[in-house]
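One file, data-v6.cif, carrying mmCIF, C-alpha atoms:
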```cif
data_input
#
loop_
_atom_site.label_atom_id
_atom_site.label_comp_id
_atom_site.auth_asym_id
_atom_site.auth_seq_id
_atom_site.Cartn_x
_atom_site.Cartn_y
_atom_site.Cartn_z
CA MET R 6 0.00 0.00 0.00
CA LYS R 7 1.36 3.41 -1.01
CA THR R 8 1.95 6.14 1.52
CA LEU R 9 0.68 9.65 0.90
CA SER R 10 4.19 11.01 0.40
CA GLU R 11 4.76 8.63 -2.54
CA ILE R 12 2.00 10.18 -4.69
CA GLY R 13 3.69 13.58 -5.04
CA LEU R 14 0.78 15.87 -4.20
CA SER R 15 0.86 19.65 -3.80
CA GLU R 16 1.24 21.39 -0.47
CA LYS R 17 -2.43 22.41 -0.31
CA THR R 18 -3.60 18.83 -0.99
CA CYS R 19 -1.26 17.47 1.68
CA GLU R 20 -2.74 20.00 4.10
CA PHE R 21 -6.27 18.84 3.17
CA ILE R 22 -5.23 15.23 3.80
CA GLU R 23 -3.63 16.18 7.12
CA LYS R 24 -6.79 17.96 8.26
CA ASN R 25 -8.71 14.72 7.64
CA GLY R 26 -6.23 12.80 9.80
CA PHE R 27 -5.19 10.35 7.07
CA THR R 28 -1.80 8.65 7.34
CA GLU R 29 -2.14 6.14 4.50
CA LEU R 30 -4.43 5.45 1.56
CA THR R 31 -7.22 2.90 1.53
CA PRO R 32 -7.09 0.38 -1.37
CA ILE R 33 -9.64 2.28 -3.48
CA GLN R 34 -7.88 5.60 -2.90
CA GLU R 35 -4.55 4.08 -3.89
CA LYS R 36 -6.01 2.96 -7.23
CA VAL R 37 -8.35 5.85 -8.05
CA ILE R 38 -6.31 8.95 -7.16
CA PRO R 39 -3.44 8.48 -9.68
CA ALA R 40 -5.92 7.65 -12.49
CA VAL R 41 -8.04 10.75 -11.80
CA LEU R 42 -4.94 12.96 -11.69
CA LYS R 43 -4.01 11.65 -15.15
CA GLY R 44 -7.43 12.71 -16.46
CA LYS R 45 -8.81 9.20 -16.88
CA ASP R 46 -12.49 8.30 -16.65
CA VAL R 47 -12.96 5.96 -13.70
CA ILE R 48 -15.61 3.48 -12.55
CA GLY R 49 -15.03 2.65 -8.87
CA LEU R 50 -16.92 -0.34 -7.47
CA SER R 51 -16.67 -0.39 -3.71
CA ARG R 52 -18.94 -0.65 -0.68
CA THR R 53 -19.61 2.22 1.71
CA GLY R 54 -16.93 2.82 4.31
CA THR R 55 -13.89 2.09 2.12
CA GLY R 56 -12.93 5.74 1.65
CA LYS R 57 -14.36 6.32 -1.84
CA THR R 58 -15.55 9.88 -1.11
CA HIS R 59 -12.00 11.03 -0.46
CA ALA R 60 -10.85 8.92 -3.42
CA TYR R 61 -12.32 11.70 -5.57
CA LEU R 62 -12.06 14.66 -3.16
CA ILE R 63 -8.26 14.33 -2.82
CA PRO R 64 -7.53 14.57 -6.58
CA LEU R 65 -10.24 17.24 -6.86
CA MET R 66 -8.38 19.30 -4.24
CA GLU R 67 -5.25 18.88 -6.35
CA LYS R 68 -6.87 19.92 -9.65
CA VAL R 69 -9.41 22.63 -8.78
CA ASP R 70 -8.46 26.25 -9.49
CA SER R 71 -10.14 28.71 -7.13
CA SER R 72 -9.20 31.67 -9.37
CA LEU R 73 -11.81 30.56 -11.91
CA ASP R 74 -15.20 32.27 -12.11
CA HIS R 75 -17.15 29.14 -13.06
CA PRO R 76 -17.76 25.63 -11.70
CA TYR R 77 -14.93 23.13 -12.05
CA ALA R 78 -16.65 19.97 -10.75
CA VAL R 79 -20.20 18.65 -10.31
CA ILE R 80 -20.83 15.91 -7.74
CA THR R 81 -24.25 14.23 -7.74
CA ALA R 82 -25.83 12.04 -5.05
CA PRO R 83 -29.27 10.36 -5.19
CA THR R 84 -30.52 11.61 -1.79
CA ARG R 85 -30.32 14.81 0.22
CA GLU R 86 -28.63 13.00 3.10
CA LEU R 87 -25.87 11.66 0.87
CA ALA R 88 -25.34 15.02 -0.78
CA MET R 89 -25.15 16.67 2.64
CA GLN R 90 -22.63 14.10 3.85
CA ILE R 91 -20.39 14.72 0.81
CA TYR R 92 -20.75 18.46 1.30
CA GLU R 93 -19.63 18.27 4.93
CA LYS R 94 -16.49 16.36 3.90
CA ALA R 95 -15.80 18.75 1.02
CA ARG R 96 -16.09 21.85 3.21
CA VAL R 97 -12.68 21.00 4.71
CA MET R 98 -11.24 21.93 1.30
CA ALA R 99 -12.35 25.53 1.85
CA GLU R 100 -10.46 25.58 5.16
CA VAL R 101 -7.30 24.94 3.16
CA ASP R 102 -8.21 27.32 0.31
CA PRO R 103 -10.59 30.05 1.61
CA ALA R 104 -11.13 31.31 -1.95
CA LEU R 105 -12.73 28.00 -2.90
CA ARG R 106 -16.53 28.20 -3.20
CA ILE R 107 -18.38 24.94 -2.47
CA LYS R 108 -22.18 24.90 -2.65
CA LEU R 109 -24.88 22.35 -1.83
CA TYR R 110 -28.06 22.20 -3.96
CA THR R 111 -30.85 19.82 -2.91
CA GLY R 112 -34.60 19.76 -2.66
CA GLY R 113 -36.07 21.14 0.54
CA THR R 114 -33.73 24.16 0.57
CA ASP R 115 -34.46 27.80 -0.32
CA ARG R 116 -34.45 27.81 -4.14
CA ASN R 117 -34.85 31.59 -4.44
CA ARG R 118 -31.84 32.15 -2.19
CA ASP R 119 -29.79 29.81 -4.40
CA LEU R 120 -30.83 31.74 -7.52
CA LYS R 121 -29.92 35.08 -5.92
CA GLN R 122 -26.46 33.84 -4.91
CA LEU R 123 -25.80 32.37 -8.36
CA ARG R 124 -26.46 35.72 -10.00
CA SER R 125 -23.58 37.25 -8.02
CA SER R 126 -21.08 34.37 -8.09
CA GLN R 127 -20.67 30.81 -9.30
CA PRO R 128 -19.39 27.97 -7.08
CA HIS R 129 -16.22 26.08 -7.97
CA ILE R 130 -17.56 22.78 -6.68
CA VAL R 131 -21.25 21.89 -7.09
CA ILE R 132 -22.69 19.16 -4.85
CA GLY R 133 -26.34 18.17 -4.95
CA THR R 134 -29.19 15.96 -6.05
CA PRO R 135 -29.71 15.52 -9.83
CA GLY R 136 -33.15 17.15 -9.90
CA ARG R 137 -32.11 20.41 -8.21
CA ILE R 138 -28.89 20.70 -10.27
CA LYS R 139 -30.85 20.16 -13.49
CA ASP R 140 -33.43 22.77 -12.41
CA LEU R 141 -30.83 25.45 -11.65
CA PHE R 142 -28.89 24.72 -14.85
CA LEU R 143 -31.52 24.00 -17.52
CA ASN R 144 -34.73 25.55 -16.22
CA GLU R 145 -33.26 28.69 -14.64
CA ALA R 146 -29.99 29.00 -16.61
CA ALA R 147 -28.43 30.23 -13.36
CA LEU R 148 -25.86 27.51 -12.63
CA ARG R 149 -23.12 27.43 -15.30
CA ILE R 150 -22.10 23.79 -15.09
CA ASP R 151 -21.75 23.76 -18.89
CA LEU R 152 -18.23 25.08 -18.22
CA ALA R 153 -17.31 22.35 -15.72
CA PRO R 154 -14.80 19.75 -17.01
CA LEU R 155 -15.44 17.15 -14.26
CA LEU R 156 -18.61 15.18 -13.38
CA ILE R 157 -18.70 12.76 -10.43
CA VAL R 158 -21.71 10.46 -10.01
CA ASP R 159 -21.71 8.96 -6.51
CA GLU R 160 -23.86 5.90 -5.66
CA ALA R 161 -24.56 5.35 -9.36
CA ASP R 162 -26.54 2.13 -8.84
CA MET R 163 -28.79 3.85 -6.33
CA THR R 164 -29.21 6.81 -8.74
CA LEU R 165 -30.38 4.33 -11.37
CA GLU R 166 -32.72 2.60 -8.90
CA TYR R 167 -34.45 5.88 -8.00
CA GLY R 168 -34.83 6.89 -11.64
CA PHE R 169 -32.52 9.92 -11.49
CA LEU R 170 -30.23 8.99 -14.39
CA ASP R 171 -32.51 10.88 -16.78
CA GLU R 172 -31.87 14.12 -14.88
CA ILE R 173 -28.09 13.60 -15.04
CA ASP R 174 -28.35 12.65 -18.71
CA ALA R 175 -30.20 15.92 -19.39
CA PHE R 176 -27.39 18.13 -18.12
CA ALA R 177 -24.33 15.90 -18.71
CA GLY R 178 -24.95 16.11 -22.45
CA ARG R 179 -24.54 19.91 -22.26
CA MET R 180 -21.36 19.93 -20.23
CA SER R 181 -17.80 20.20 -21.59
CA GLU R 182 -16.98 18.13 -24.70
CA SER R 183 -13.78 17.00 -22.96
CA LEU R 184 -15.74 15.99 -19.86
CA GLN R 185 -13.93 13.74 -17.39
CA MET R 186 -16.41 11.50 -15.60
CA LEU R 187 -16.08 9.43 -12.44
CA ALA R 188 -18.76 7.00 -11.27
CA PHE R 189 -18.77 5.25 -7.91
CA SER R 190 -21.11 2.43 -7.06
CA ALA R 191 -21.55 -0.59 -4.80
CA THR R 192 -22.77 -2.73 -7.73
CA MET R 193 -22.84 -2.55 -11.52
CA PRO R 194 -26.38 -3.25 -12.83
CA GLU R 195 -26.66 -3.98 -16.56
CA GLN R 196 -29.05 -1.01 -16.98
CA LEU R 197 -26.31 1.36 -15.79
CA LYS R 198 -23.77 0.37 -18.45
CA PRO R 199 -25.33 2.19 -21.48
CA PHE R 200 -25.36 5.49 -19.55
CA LEU R 201 -21.70 5.15 -18.55
CA LYS R 202 -20.70 4.13 -22.07
CA LYS R 203 -22.39 7.23 -23.47
CA TYR R 204 -20.26 9.68 -21.48
CA MET R 205 -17.06 7.81 -20.64
CA HIS R 206 -14.03 7.41 -22.89
CA HIS R 207 -12.08 4.17 -22.28
CA PRO R 208 -12.89 4.15 -18.56
CA ILE R 209 -10.76 2.29 -16.04
CA THR R 210 -12.91 -0.02 -13.91
CA MET R 211 -11.60 -0.57 -10.40
CA ARG R 212 -13.43 -3.27 -8.52
CA MET R 213 -12.39 -3.48 -4.88
CA GLU R 214 -12.36 -7.07 -3.68
CA GLU R 215 -12.57 -7.57 0.06
CA GLU R 216 -9.08 -7.61 1.57
CA ASP R 217 -8.18 -9.14 4.91
CA SER R 218 -7.56 -5.77 6.57
CA PHE R 219 -10.99 -4.54 5.45
CA SER R 220 -12.86 -7.84 5.68
CA PRO R 221 -15.83 -7.46 8.02
CA GLN R 222 -16.04 -9.93 10.88
CA ILE R 223 -19.75 -9.96 11.51
CA ARG R 224 -21.80 -12.35 13.62
CA HIS R 225 -25.30 -12.87 12.27
CA ILE R 226 -27.78 -13.76 15.01
CA LEU R 227 -31.38 -14.75 14.32
CA VAL R 228 -33.78 -13.61 17.05
CA PRO R 229 -37.40 -14.87 16.94
CA CYS R 230 -40.13 -12.32 17.59
CA TYR R 231 -42.70 -15.01 18.51
CA HIS R 232 -45.91 -13.01 19.01
CA HIS R 233 -44.11 -9.79 20.04
CA THR R 234 -43.83 -6.58 18.00
CA TYR R 235 -40.49 -5.33 16.70
CA PRO R 236 -40.23 -2.62 19.43
CA GLU R 237 -40.94 -5.23 22.14
CA THR R 238 -38.32 -7.61 20.74
CA ILE R 239 -35.79 -4.78 20.42
CA ARG R 240 -36.31 -3.90 24.09
CA SER R 241 -35.59 -7.50 25.08
CA ILE R 242 -32.36 -7.42 23.04
CA LEU R 243 -31.21 -4.14 24.57
CA GLU R 244 -31.23 -5.80 27.99
CA GLY R 245 -28.41 -8.05 26.79
CA ILE R 246 -26.14 -5.66 24.85
CA GLN R 247 -24.14 -2.51 25.48
CA PRO R 248 -23.74 -0.84 22.07
CA TYR R 249 -21.51 2.10 21.28
CA VAL R 250 -23.76 2.94 18.32
CA CYS R 251 -26.65 0.66 17.36
CA LEU R 252 -28.12 1.07 13.87
CA ILE R 253 -31.69 -0.27 13.61
CA PHE R 254 -33.17 -0.92 10.16
CA ALA R 255 -36.89 -1.01 9.43
CA ASN R 256 -38.57 -1.95 6.15
CA THR R 257 -41.04 0.95 6.16
CA ARG R 258 -41.13 4.57 7.34
CA GLU R 259 -44.04 3.77 9.65
CA GLU R 260 -42.09 0.97 11.35
CA ALA R 261 -39.06 3.23 11.75
CA ALA R 262 -41.15 5.99 13.34
CA ALA R 263 -42.86 3.52 15.71
CA ILE R 264 -39.53 1.99 16.81
CA ALA R 265 -37.98 5.42 17.41
CA ALA R 266 -40.99 6.55 19.44
CA ASP R 267 -40.81 3.40 21.58
CA LEU R 268 -37.10 3.91 22.27
CA ARG R 269 -37.71 7.54 23.26
CA SER R 270 -40.43 6.44 25.66
CA ALA R 271 -37.77 4.22 27.25
CA ARG R 272 -35.54 7.32 27.56
CA ARG R 273 -33.00 6.23 24.94
CA SER R 274 -31.10 8.75 22.78
CA VAL R 275 -32.42 8.20 19.24
CA THR R 276 -31.84 9.65 15.78
CA GLU R 277 -34.47 8.96 13.11
CA LEU R 278 -33.58 8.82 9.41
CA HIS R 279 -36.41 8.12 6.95
CA GLY R 280 -38.38 9.77 4.18
CA ASP R 281 -41.27 11.03 6.31
CA LEU R 282 -39.04 13.53 8.10
CA GLU R 283 -39.24 17.22 7.19
CA SER R 284 -36.15 18.76 5.57
CA ARG R 285 -35.23 20.56 8.79
CA LYS R 286 -35.40 17.35 10.81
CA ARG R 287 -33.42 15.46 8.18
CA ARG R 288 -30.64 18.06 8.38
CA GLN R 289 -30.75 17.85 12.16
CA ALA R 290 -30.53 14.04 11.96
CA MET R 291 -27.43 14.28 9.75
CA LYS R 292 -25.76 16.63 12.22
CA GLU R 293 -26.57 14.23 15.07
CA LEU R 294 -25.03 11.37 13.09
CA ALA R 295 -21.90 13.39 12.36
CA SER R 296 -21.50 14.42 16.01
CA GLY R 297 -22.14 10.90 17.34
CA ARG R 298 -24.60 12.18 19.94
CA SER R 299 -27.09 9.31 19.58
CA THR R 300 -26.52 5.74 20.69
CA PHE R 301 -29.45 4.48 18.57
CA VAL R 302 -30.08 5.33 14.92
CA VAL R 303 -33.36 4.11 13.39
CA ALA R 304 -33.42 4.19 9.61
CA THR R 305 -34.93 2.77 6.43
CA ASP R 306 -32.72 1.31 3.70
CA ILE R 307 -33.46 4.20 1.34
CA ALA R 308 -32.48 6.89 3.84
CA ALA R 309 -29.41 5.08 5.14
CA ARG R 310 -27.96 3.78 1.86
CA GLY R 311 -24.48 5.27 1.48
CA ILE R 312 -24.61 7.10 4.83
CA ASP R 313 -21.38 6.28 6.63
CA VAL R 314 -22.21 6.19 10.35
CA GLN R 315 -18.99 5.77 12.25
CA GLU R 316 -18.32 3.43 15.17
CA VAL R 317 -21.39 1.21 14.66
CA SER R 318 -20.98 -1.74 17.01
CA HIS R 319 -24.40 -3.38 16.60
CA ILE R 320 -26.99 -3.71 13.83
CA ILE R 321 -30.61 -4.71 14.37
CA SER R 322 -32.51 -5.72 11.24
CA CYS R 323 -36.27 -5.73 11.75
CA GLY R 324 -37.25 -8.46 9.35
CA PHE R 325 -35.68 -8.74 5.91
CA PRO R 326 -35.95 -6.41 2.90
CA GLU R 327 -37.52 -7.64 -0.36
CA ASP R 328 -34.14 -7.25 -2.07
CA LEU R 329 -31.95 -9.45 0.13
CA SER R 330 -28.80 -7.65 -1.01
CA PHE R 331 -29.98 -4.81 1.23
CA TYR R 332 -29.63 -7.13 4.22
CA ILE R 333 -25.95 -7.46 3.31
CA HIS R 334 -25.73 -3.66 3.17
CA ARG R 335 -27.41 -3.44 6.57
CA ALA R 336 -25.01 -5.88 8.22
CA GLY R 337 -22.04 -4.24 6.48
CA ARG R 338 -22.55 -1.00 8.41
CA THR R 339 -20.68 -2.55 11.32
CA ALA R 340 -17.20 -4.13 11.48
CA ARG R 341 -15.63 -1.33 9.44
CA GLY R 342 -11.89 -1.32 8.81
CA GLY R 343 -11.41 -4.92 9.87
CA GLY R 344 -13.19 -4.59 13.20
CA LYS R 345 -15.84 -6.90 14.63
CA GLY R 346 -19.58 -6.39 14.74
CA ILE R 347 -22.92 -8.08 15.37
CA CYS R 348 -26.10 -8.05 13.31
CA TYR R 349 -29.30 -9.18 15.06
CA ALA R 350 -31.96 -10.24 12.53
CA LEU R 351 -35.44 -10.24 14.06
CA TYR R 352 -37.66 -12.73 12.27
CA ARG R 353 -41.17 -14.09 12.04
CA GLU R 354 -42.44 -17.29 10.41
CA SER R 355 -43.08 -15.36 7.17
CA ASP R 356 -39.33 -14.68 6.86
CA ASP R 357 -38.45 -18.35 6.41
CA ALA R 358 -37.78 -18.12 2.64
CA SER R 359 -35.50 -15.08 3.10
CA ILE R 360 -33.53 -16.74 5.87
CA ARG R 361 -33.01 -19.95 3.90
CA SER R 362 -31.94 -17.95 0.83
CA LEU R 363 -29.33 -16.04 2.84
CA MET R 364 -28.12 -19.29 4.41
CA LYS R 365 -27.66 -20.78 0.94
CA SER R 366 -25.63 -17.72 -0.07
CA GLY R 367 -23.14 -18.54 2.69
CA ILE R 368 -24.32 -16.56 5.72
CA HIS R 369 -24.04 -18.51 8.97
CA PHE R 370 -26.78 -17.57 11.42
CA GLU R 371 -26.60 -18.23 15.13
CA HIS R 372 -30.02 -18.75 16.71
CA LYS R 373 -30.66 -17.08 20.07
CA ARG R 374 -33.16 -15.22 22.19
CA CYS R 375 -32.66 -12.80 25.07
CA ARG R 376 -34.64 -13.15 28.28
CA GLY R 377 -34.06 -10.95 31.30
CA GLY R 378 -30.76 -9.69 29.91
CA LYS R 379 -29.37 -13.19 29.36
CA TRP R 380 -28.85 -14.80 25.96
CA GLN R 381 -30.11 -18.33 25.42
CA ASP R 382 -29.01 -20.60 22.57
CA LEU R 383 -31.84 -22.01 20.48
CA ARG R 384 -31.84 -25.04 18.22
CA PRO R 385 -30.04 -24.24 14.89
CA TYR R 386 -32.52 -22.61 12.54
CA GLY R 387 -34.38 -25.11 10.40
CA GLN R 388 -33.17 -28.12 12.38
CA ARG R 389 -35.97 -30.38 13.48
CA PRO R 390 -35.99 -31.55 17.11
CA GLU R 391 -34.93 -35.09 17.83
CA ARG R 392 -37.87 -37.40 17.88
CA LYS R 393 -38.60 -38.66 21.35
CA THR R 394 -41.16 -41.28 22.13
CA THR R 395 -43.81 -39.53 24.19
CA GLU R 396 -46.43 -41.09 26.40
CA MET R 397 -49.00 -40.20 23.77
CA GLN R 398 -47.02 -42.00 21.05
CA LYS R 399 -46.70 -45.04 23.31
CA GLU R 400 -50.44 -45.02 23.87
CA ILE R 401 -51.09 -44.75 20.13
CA SER R 402 -48.68 -47.63 19.52
CA ARG R 403 -50.55 -49.80 22.07
CA MET R 404 -53.85 -48.95 20.41
CA MET R 405 -52.50 -49.85 16.96
CA THR R 406 -50.98 -53.17 18.05
CA LYS R 407 -53.71 -54.29 20.45
CA LYS R 408 -55.08 -57.66 19.49
CA ASN R 409 -58.83 -57.75 19.50
CA THR R 410 -60.30 -61.11 20.41
CA LYS R 411 -63.60 -59.94 18.97
CA VAL R 412 -63.61 -57.42 16.11
CA LYS R 413 -66.59 -55.10 16.50
CA PRO R 414 -68.12 -53.17 13.59
CA GLY R 415 -66.55 -49.69 13.10
CA TYR R 416 -63.54 -50.38 15.33
CA LYS R 417 -61.11 -48.67 12.89
CA LYS R 418 -63.15 -45.44 12.91
CA LYS R 419 -63.34 -45.46 16.72
CA ARG R 420 -59.58 -46.05 16.97
CA LYS R 421 -58.90 -43.14 14.58
CA GLN R 422 -61.15 -40.85 16.66
CA ALA R 423 -59.36 -41.86 19.86
CA ILE R 424 -55.96 -41.08 18.33
CA ALA R 425 -57.19 -37.69 17.08
CA GLU R 426 -58.41 -36.84 20.59
CA LEU R 427 -54.99 -37.72 22.05
CA GLU R 428 -53.29 -35.41 19.49
CA ARG R 429 -55.71 -32.55 20.25
CA ARG R 430 -55.00 -32.95 23.95
CA GLN R 431 -51.24 -32.79 23.33
CA ARG R 432 -51.58 -29.63 21.22
CA ARG R 433 -53.67 -27.95 23.94
CA ASP R 434 -51.07 -28.84 26.58
CA PHE R 435 -48.24 -27.52 24.37
CA ILE R 436 -50.01 -24.19 23.73
CA ARG R 437 -50.83 -23.76 27.43
CA GLU R 438 -47.19 -24.37 28.32
CA LYS R 439 -45.94 -21.80 25.77
CA ILE R 440 -48.43 -19.20 27.03
CA ARG R 441 -47.28 -19.86 30.59
CA GLU R 442 -43.60 -19.42 29.58
CA GLU R 443 -44.29 -16.17 27.70
CA LYS R 444 -46.32 -14.76 30.61
CA GLN R 445 -43.47 -15.49 33.00
CA ALA R 446 -40.98 -13.82 30.63
CA ARG R 447 -43.28 -10.78 30.31
CA TYR R 448 -43.67 -10.47 34.07
CA ARG R 449 -39.88 -10.62 34.49
CA GLN R 450 -39.52 -7.87 31.87
CA TYR R 451 -42.14 -5.68 33.61
CA ALA R 452 -40.31 -6.17 36.91
CA LEU R 453 -37.01 -5.12 35.36
CA ASP R 454 -38.60 -2.04 33.72
CA ALA R 455 -40.24 -1.06 37.01
CA LYS R 456 -36.91 -1.47 38.82
CA LYS R 457 -35.22 0.78 36.25
CA ASP R 458 -37.94 3.45 36.50
CA LYS R 459 -37.50 3.56 40.29
CA SER R 460 -33.73 3.93 39.97
#
```
Would you mind writing the file out in structure tokens?
Amino acid sequence: MKTLSEIGLSEKTCEFIEKNGFTELTPIQEKVIPAVLKGKDVIGLSRTGTGKTHAYLIPLMEKVDSSLDHPYAVITAPTRELAMQIYEKARVMAEVDPALRIKLYTGGTDRNRDLKQLRSSQPHIVIGTPGRIKDLFLNEAALRIDLAPLLIVDEADMTLEYGFLDEIDAFAGRMSESLQMLAFSATMPEQLKPFLKKYMHHPITMRMEEEDSFSPQIRHILVPCYHHTYPETIRSILEGIQPYVCLIFANTREEAAAIAADLRSARRSVTELHGDLESRKRRQAMKELASGRSTFVVATDIAARGIDVQEVSHIISCGFPEDLSFYIHRAGRTARGGGKGICYALYRESDDASIRSLMKSGIHFEHKRCRGGKWQDLRPYGQRPERKTTEMQKEISRMMTKKNTKVKPGYKKKRKQAIAELERRQRRDFIREKIREEKQARYRQYALDAKKDKS
């Protein structure tokens, strides 16, 4: 792995790197930075948390000229949260070069204020969502990105998924003829390739395979909900863990809001991140994430995709997403940089197909439940219990093998009815026993909650 001194960067770029606290390059930075500095088009395939944002910000710091009166680079992101996160990292560049103008353009912000500022001066670096950038450039003719020689599309697969490639296509075609384009993505869908081919000239594709130093060491633990809700099951888990930061994923906005409300009622510090939040609350949530003030972050896949929450020690997945690759993304938010992490997957009977599919793909699930703050091992998922001869089975066997000295009419029907009655009795006894166990567990939980409230 190359050191920073071996690349031969300018003094201002070295200062930018120093302000970020970097001492060596990550694998993707080592490959991407030299290629970008040579003016090559680059496709970078790498998961979140591998340093890809600075893989393009470092060479951008080296190449941008703050004496210009027009934009030099355009950076797009598919969501406001992602754009804001990139913007916060890019703002450090202006600390090194105060003349450098970096602007953020997303939906939910004051459009008239943006237009007024653009009439007086143009930014050097444009960061934003495709729709707002297109609006300011094509509809208002206020943002002069037609003069920018560099376009960076971050989270390209997610941009495709949300249908925003058309917006980028609309303005990319009117940018510089010698446009240098960089695209970063976790995956490379087939539908994305025609767009990249249209604007890229002999691009270099850099696919980052997992290396030992960055290989996540994640334990996947299945936790049954039984008849409990997700918030109730989460509370039982929290009795048995001490997270630094716990990222909780929900499949819907409504579930995320309900889980966050339940955690707040239990006096936990919570940050919500989902599409139902107002713009002001979304910005506040991003600041809370950056500052690390919240122990618990409740999010949906859409809101959290690409957001790099640092120091995540535990993941809780409430059920499984329809696209199971998103479960991999969820779990991958922990164990960054070669560390260790745990992903708790809460499941119901309806999740059986998803669980078996993930197991076939190579994921090893432990099977546990938490009661009263103590973890209990359960039978490996999908493994049937050993057959034991019960008293009922012995009785059925005696009935089946009993020799009748006199065979009465209808004896087979009567024997079948007697066996069915024995089975119904066993089922009733089993259900009663499970209800008794769950009631005892609930009473223990109430007692622990009451003890905490008093303290």
Excluding segment 173-180 of chain R and its own-chain neighbours fewer than 5 positions away, which residues fall within 7 Å of it when counting all atoms listed in the file? Please give them as a PyMOL selection string. chain R and resi 135+139+150-153
Please enumerate the residues selected by the PyMOL selection byres ((chain R and resi 98-104) around 7) when evaluated against the supplied file, formatted as a VMD selection string. chain R and resid 17 20 to 21 66 71 95 to 97 105 to 106
Do you know which residues the PyMOL selection byres ((chain R and resi 47-62) around 8) returns on this file, as a PyMOL selection string? chain R and resi 31-35+37-38+40-41+45-46+63-66+91+95+186-193+208-214+219+311-313+338+341-342
Once the PyMOL selection byres ((chain R and resi 329) around 12) has been evaluated on this model, what residues remain selected, and can you format them as an NGL selection string? :R and (256 or 306 or 322 or 324-328 or 330-336 or 356 or 358-364 or 366 or 368)
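A straight line drawn from atom CA of Ser72 of chain R to atom CA of Phe27 of chain R is 27.2 Å long.
Using all atoms listed in the file, the shortest contact distance between Ala452 of chain R and any of R:Pro385, R:Gly377, R:Arg149, R:Pro76 is found at R:Gly377.
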Residue with the minimum atom-to-atom distance to Ser274 of chain R, picked from R:Gln289, R:Gly378, R:Val302, R:Asp119 with only C-alpha atoms counted, is R:Val302
Rank R:Lys94, R:Leu73, R:Ala78, R:Gln431 by their smallest atom-to-atom distance to Ile22 of chain R, using only C-alpha atoms, and report the top residue only.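 The closest residue to Ile22 of chain R is R:Lys94.
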Work out how far atom CA of Pro236 of chain R is from atom CA of Glu443 of chain R, in Å to one decimal.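 Here the two named atoms are 16.4 Å from each other.
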